>>> print(open('query.pdb').read())   # PDB, C-alpha atoms
ATOM      1  CA  MET A 271      64.074  14.334 111.892  1.00  0.00           C
ATOM      2  CA  THR A 272      66.858  12.312 113.453  1.00  0.00           C
ATOM      3  CA  THR A 273      68.663  13.087 116.681  1.00  0.00           C
ATOM      4  CA  LYS A 274      71.843  13.922 114.746  1.00  0.00           C
ATOM      5  CA  THR A 275      69.984  16.463 112.620  1.00  0.00           C
ATOM      6  CA  VAL A 276      68.469  18.149 115.678  1.00  0.00           C
ATOM      7  CA  LEU A 277      71.879  18.322 117.384  1.00  0.00           C
ATOM      8  CA  LEU A 278      73.469  19.765 114.242  1.00  0.00           C
ATOM      9  CA  ILE A 279      70.797  22.463 113.957  1.00  0.00           C
ATOM     10  CA  ALA A 280      71.132  23.337 117.659  1.00  0.00           C
ATOM     11  CA  THR A 281      74.926  23.492 117.371  1.00  0.00           C
ATOM     12  CA  LEU A 282      74.757  25.771 114.334  1.00  0.00           C
ATOM     13  CA  ALA A 283      72.235  28.045 116.066  1.00  0.00           C
ATOM     14  CA  LEU A 284      74.450  28.339 119.143  1.00  0.00           C
ATOM     15  CA  ALA A 285      77.506  28.988 116.973  1.00  0.00           C
ATOM     16  CA  GLY A 286      75.645  31.844 115.275  1.00  0.00           C
ATOM     17  CA  ILE A 287      74.801  33.392 118.634  1.00  0.00           C
ATOM     18  CA  ALA A 288      78.336  32.941 119.937  1.00  0.00           C
ATOM     19  CA  ASN A 289      79.796  34.518 116.787  1.00  0.00           C
ATOM     20  CA  ALA A 290      77.585  37.617 116.868  1.00  0.00           C
ATOM     21  CA  LYS A 291      79.941  40.548 116.377  1.00  0.00           C
ATOM     22  CA  SER A 292      79.982  43.127 119.128  1.00  0.00           C
ATOM     23  CA  TYR A 293      80.585  46.853 118.719  1.00  0.00           C
ATOM     24  CA  ASN A 294      81.912  49.165 121.425  1.00  0.00           C
ATOM     25  CA  ILE A 295      80.195  52.505 121.918  1.00  0.00           C
ATOM     26  CA  THR A 296      80.661  55.302 124.436  1.00  0.00           C
ATOM     27  CA  LEU A 297      77.808  57.453 125.710  1.00  0.00           C
ATOM     28  CA  SER A 298      78.855  60.808 127.176  1.00  0.00           C
ATOM     29  CA  GLU A 299      75.493  61.340 128.889  1.00  0.00           C
ATOM     30  CA  PRO A 300      72.465  59.272 129.937  1.00  0.00           C
ATOM     31  CA  THR A 301      70.739  58.255 126.706  1.00  0.00           C
ATOM     32  CA  ARG A 302      67.556  56.396 125.780  1.00  0.00           C
ATOM     33  CA  ALA A 303      67.900  53.408 123.469  1.00  0.00           C
ATOM     34  CA  GLY A 304      64.390  52.470 122.445  1.00  0.00           C
ATOM     35  CA  GLY A 305      62.508  51.763 125.657  1.00  0.00           C
ATOM     36  CA  VAL A 306      65.552  51.579 127.943  1.00  0.00           C
ATOM     37  CA  LYS A 307      67.625  54.312 129.570  1.00  0.00           C
ATOM     38  CA  LEU A 308      71.381  53.808 129.467  1.00  0.00           C
ATOM     39  CA  ALA A 309      73.692  55.599 131.897  1.00  0.00           C
ATOM     40  CA  ALA A 310      76.718  57.438 130.537  1.00  0.00           C
ATOM     41  CA  GLY A 311      79.616  55.058 129.990  1.00  0.00           C
ATOM     42  CA  GLU A 312      81.086  52.402 127.742  1.00  0.00           C
ATOM     43  CA  TYR A 313      78.945  49.637 126.249  1.00  0.00           C
ATOM     44  CA  SER A 314      79.364  46.585 124.099  1.00  0.00           C
ATOM     45  CA  MET A 315      76.482  46.224 121.649  1.00  0.00           C
ATOM     46  CA  LYS A 316      75.395  43.080 119.783  1.00  0.00           C
ATOM     47  CA  VAL A 317      72.579  42.711 117.291  1.00  0.00           C
ATOM     48  CA  GLN A 318      70.646  39.454 117.509  1.00  0.00           C
ATOM     49  CA  GLU A 319      67.721  39.101 115.136  1.00  0.00           C
ATOM     50  CA  SER A 320      65.507  42.152 115.782  1.00  0.00           C
ATOM     51  CA  ASN A 321      67.114  43.151 119.101  1.00  0.00           C
ATOM     52  CA  ALA A 322      70.141  45.154 120.170  1.00  0.00           C
ATOM     53  CA  ILE A 323      71.777  44.021 123.396  1.00  0.00           C
ATOM     54  CA  PHE A 324      73.775  46.689 125.236  1.00  0.00           C
ATOM     55  CA  THR A 325      76.185  45.506 127.953  1.00  0.00           C
ATOM     56  CA  ASN A 326      77.623  48.096 130.334  1.00  0.00           C
ATOM     57  CA  LEU A 327      81.357  47.382 130.415  1.00  0.00           C
ATOM     58  CA  GLN A 328      81.773  48.809 133.938  1.00  0.00           C
ATOM     59  CA  ASN A 329      79.142  46.736 135.748  1.00  0.00           C
ATOM     60  CA  GLY A 330      78.130  43.984 133.285  1.00  0.00           C
ATOM     61  CA  LYS A 331      74.415  44.887 133.274  1.00  0.00           C
ATOM     62  CA  THR A 332      72.628  44.152 130.004  1.00  0.00           C
ATOM     63  CA  PHE A 333      69.768  46.005 128.348  1.00  0.00           C
ATOM     64  CA  THR A 334      67.771  44.733 125.360  1.00  0.00           C
ATOM     65  CA  THR A 335      65.689  46.804 122.971  1.00  0.00           C
ATOM     66  CA  ALA A 336      63.931  46.138 119.665  1.00  0.00           C
ATOM     67  CA  VAL A 337      65.551  47.475 116.493  1.00  0.00           C
ATOM     68  CA  LYS A 338      64.963  47.565 112.755  1.00  0.00           C
ATOM     69  CA  THR A 339      67.898  46.769 110.497  1.00  0.00           C
ATOM     70  CA  GLU A 340      68.753  48.328 107.149  1.00  0.00           C
ATOM     71  CA  THR A 341      71.458  47.460 104.645  1.00  0.00           C
ATOM     72  CA  ALA A 342      73.473  50.328 103.169  1.00  0.00           C
ATOM     73  CA  ASP A 343      75.029  50.386  99.698  1.00  0.00           C
ATOM     74  CA  LYS A 344      78.575  50.310 101.082  1.00  0.00           C
ATOM     75  CA  LYS A 345      80.341  49.381 104.317  1.00  0.00           C
ATOM     76  CA  PHE A 346      80.592  51.879 107.157  1.00  0.00           C
ATOM     77  CA  ASP A 347      84.207  52.680 108.074  1.00  0.00           C
ATOM     78  CA  VAL A 348      83.510  53.195 111.784  1.00  0.00           C
ATOM     79  CA  THR A 349      80.716  52.523 114.235  1.00  0.00           C
ATOM     80  CA  ALA A 350      78.720  55.729 114.641  1.00  0.00           C
ATOM     81  CA  VAL A 351      75.909  56.423 117.106  1.00  0.00           C
ATOM     82  CA  VAL A 352      73.368  58.978 115.881  1.00  0.00           C
ATOM     83  CA  THR A 353      71.448  60.745 118.657  1.00  0.00           C
ATOM     84  CA  ASP A 354      68.739  63.360 118.930  1.00  0.00           C
ATOM     85  CA  SER A 355      67.322  65.221 121.898  1.00  0.00           C
ATOM     86  CA  LYS A 356      63.708  65.756 122.883  1.00  0.00           C
ATOM     87  CA  ASP A 357      62.357  67.372 126.032  1.00  0.00           C
ATOM     88  CA  GLY A 358      65.859  67.500 127.502  1.00  0.00           C
ATOM     89  CA  ASP A 359      66.524  63.764 126.997  1.00  0.00           C
ATOM     90  CA  SER A 360      69.043  62.254 124.586  1.00  0.00           C
ATOM     91  CA  TYR A 361      67.864  59.404 122.301  1.00  0.00           C
ATOM     92  CA  ILE A 362      69.771  57.014 120.059  1.00  0.00           C
ATOM     93  CA  THR A 363      68.006  57.151 116.690  1.00  0.00           C
ATOM     94  CA  SER A 364      70.382  54.847 114.794  1.00  0.00           C
ATOM     95  CA  VAL A 365      73.742  53.106 114.881  1.00  0.00           C
ATOM     96  CA  GLN A 366      75.921  52.533 111.815  1.00  0.00           C
ATOM     97  CA  LEU A 367      77.928  49.357 112.417  1.00  0.00           C
ATOM     98  CA  GLY A 368      81.576  49.819 111.389  1.00  0.00           C
ATOM     99  CA  GLY A 369      83.024  47.223 109.037  1.00  0.00           C
ATOM    100  CA  SER A 370      79.559  46.194 107.852  1.00  0.00           C
ATOM    101  CA  ARG A 371      76.740  47.509 105.691  1.00  0.00           C
ATOM    102  CA  MET A 372      74.243  47.235 108.574  1.00  0.00           C
ATOM    103  CA  LYS A 373      72.496  50.188 110.164  1.00  0.00           C
ATOM    104  CA  ILE A 374      70.058  49.735 113.029  1.00  0.00           C
ATOM    105  CA  GLU A 375      67.137  52.063 113.734  1.00  0.00           C
ATOM    106  CA  LEU A 376      65.764  52.466 117.237  1.00  0.00           C
ATOM    107  CA  GLY A 377      62.254  53.670 118.003  1.00  0.00           C
ATOM    108  CA  ASP A 378      60.618  54.981 121.155  1.00  0.00           C
TER     109      ASP A 378
END
>>> encode(input="query.pdb", output="structure tokens")
Amino acid sequence: MTTKTVLLIATLALAGIANAKSYNITLSEPTRAGGVKLAAGEYSMKVQESNAIFTNLQNGKTFTTAVKTETADKKFDVTAVVTDSKDGDSYITSVQLGGSRMKIELGD
């Protein structure tokens, strides 16, 4: 592999990361997303490979959790966060990503 090929691959990989679409979500109460607890507030969420990265828009802190992705038959009109509650805690079970056919599933 030549140096040019390696640089091209690295550039394309970085471009893919830089172009990852972000989705804004609002949590009205503290909520668990996989293994992390998110405070109430506004977040930007990106999906990179098998991880969701949540960035708190008020303080810039980031939280990463593993996700599974699914492809729906048609595009979702809006981004929708699906939650459930267990033992008094709120959990994100899935997120439908608006403008795409992707749905992410979060586990415990």
>>> resolve_selection(input="query.pdb", expression="the PyMOL selection byres ((chain A and resi 300-306) around 9)", output="list in words")
Leu297, Ser298, Glu299, Lys307, Leu308, Ala309, Ala310, Gly311, Phe333, Thr334, Thr335, Ala336, Val337, Thr353, Asp359, Ser360, Tyr361, Ile362, Thr363, Leu376, Gly377 and Asp378 of chain A
>>> atom_distance(input="query.pdb", atom1="atom CA of Ser370 of chain A", atom2="atom CA of Lys344 of chain A")
8.0 Å
>>> axis_aligned_box(input="query.pdb", around="segment 297-302 of chain A", padding_each_side="8 Å", output="lines of an AutoDock Vina configuration file")
center_x = 73.2
center_y = 58.9
center_z = 127.8
size_x = 27.3
size_y = 20.9
size_z = 20.2
>>> closest_residue(input="query.pdb", among="A:Lys331, A:Lys345, A:Lys291, A:Lys356", to="Gly368 of chain A", atoms="all atoms listed in the file")
A:Lys345
>>> residues_around(input="query.pdb", residues="Thr339 of chain A", least_positions_apart="5", cutoff="10 Å", atoms="all atoms listed in the file", output="list in words")
Val317, Glu319, Ser320, Asn321, Ser364, Val365, Gln366, Met372, Lys373, Ile374, Glu375 and Leu376 of chain A
>>> write_last_selection(input="query.pdb", atoms="C-alpha atoms", output="compact mmCIF listing (two decimals), keeping the file's coordinate frame")
# COMPACT_ATOMS: atom_id res chain seq x y z
CA VAL A 317 72.58 42.71 117.29
CA GLU A 319 67.72 39.10 115.14
CA SER A 320 65.51 42.15 115.78
CA ASN A 321 67.11 43.15 119.10
CA SER A 364 70.38 54.85 114.79
CA VAL A 365 73.74 53.11 114.88
CA GLN A 366 75.92 52.53 111.82
CA MET A 372 74.24 47.24 108.57
CA LYS A 373 72.50 50.19 110.16
CA ILE A 374 70.06 49.74 113.03
CA GLU A 375 67.14 52.06 113.73
CA LEU A 376 65.76 52.47 117.24
>>> resolve_selection(input="query.pdb", expression="the PyMOL selection byres ((chain A and resi 349) around 9)", output="list in words")
Tyr293, Asn294, Ile295, Phe346, Asp347, Val348, Ala350, Val351, Val365, Gln366, Leu367, Gly368 and Gly369 of chain A
>>> closest_residue(input="query.pdb", among="A:Thr296, A:Ala322, A:Gly358, A:Glu312", to="Lys338 of chain A", atoms="all atoms listed in the file")
A:Ala322
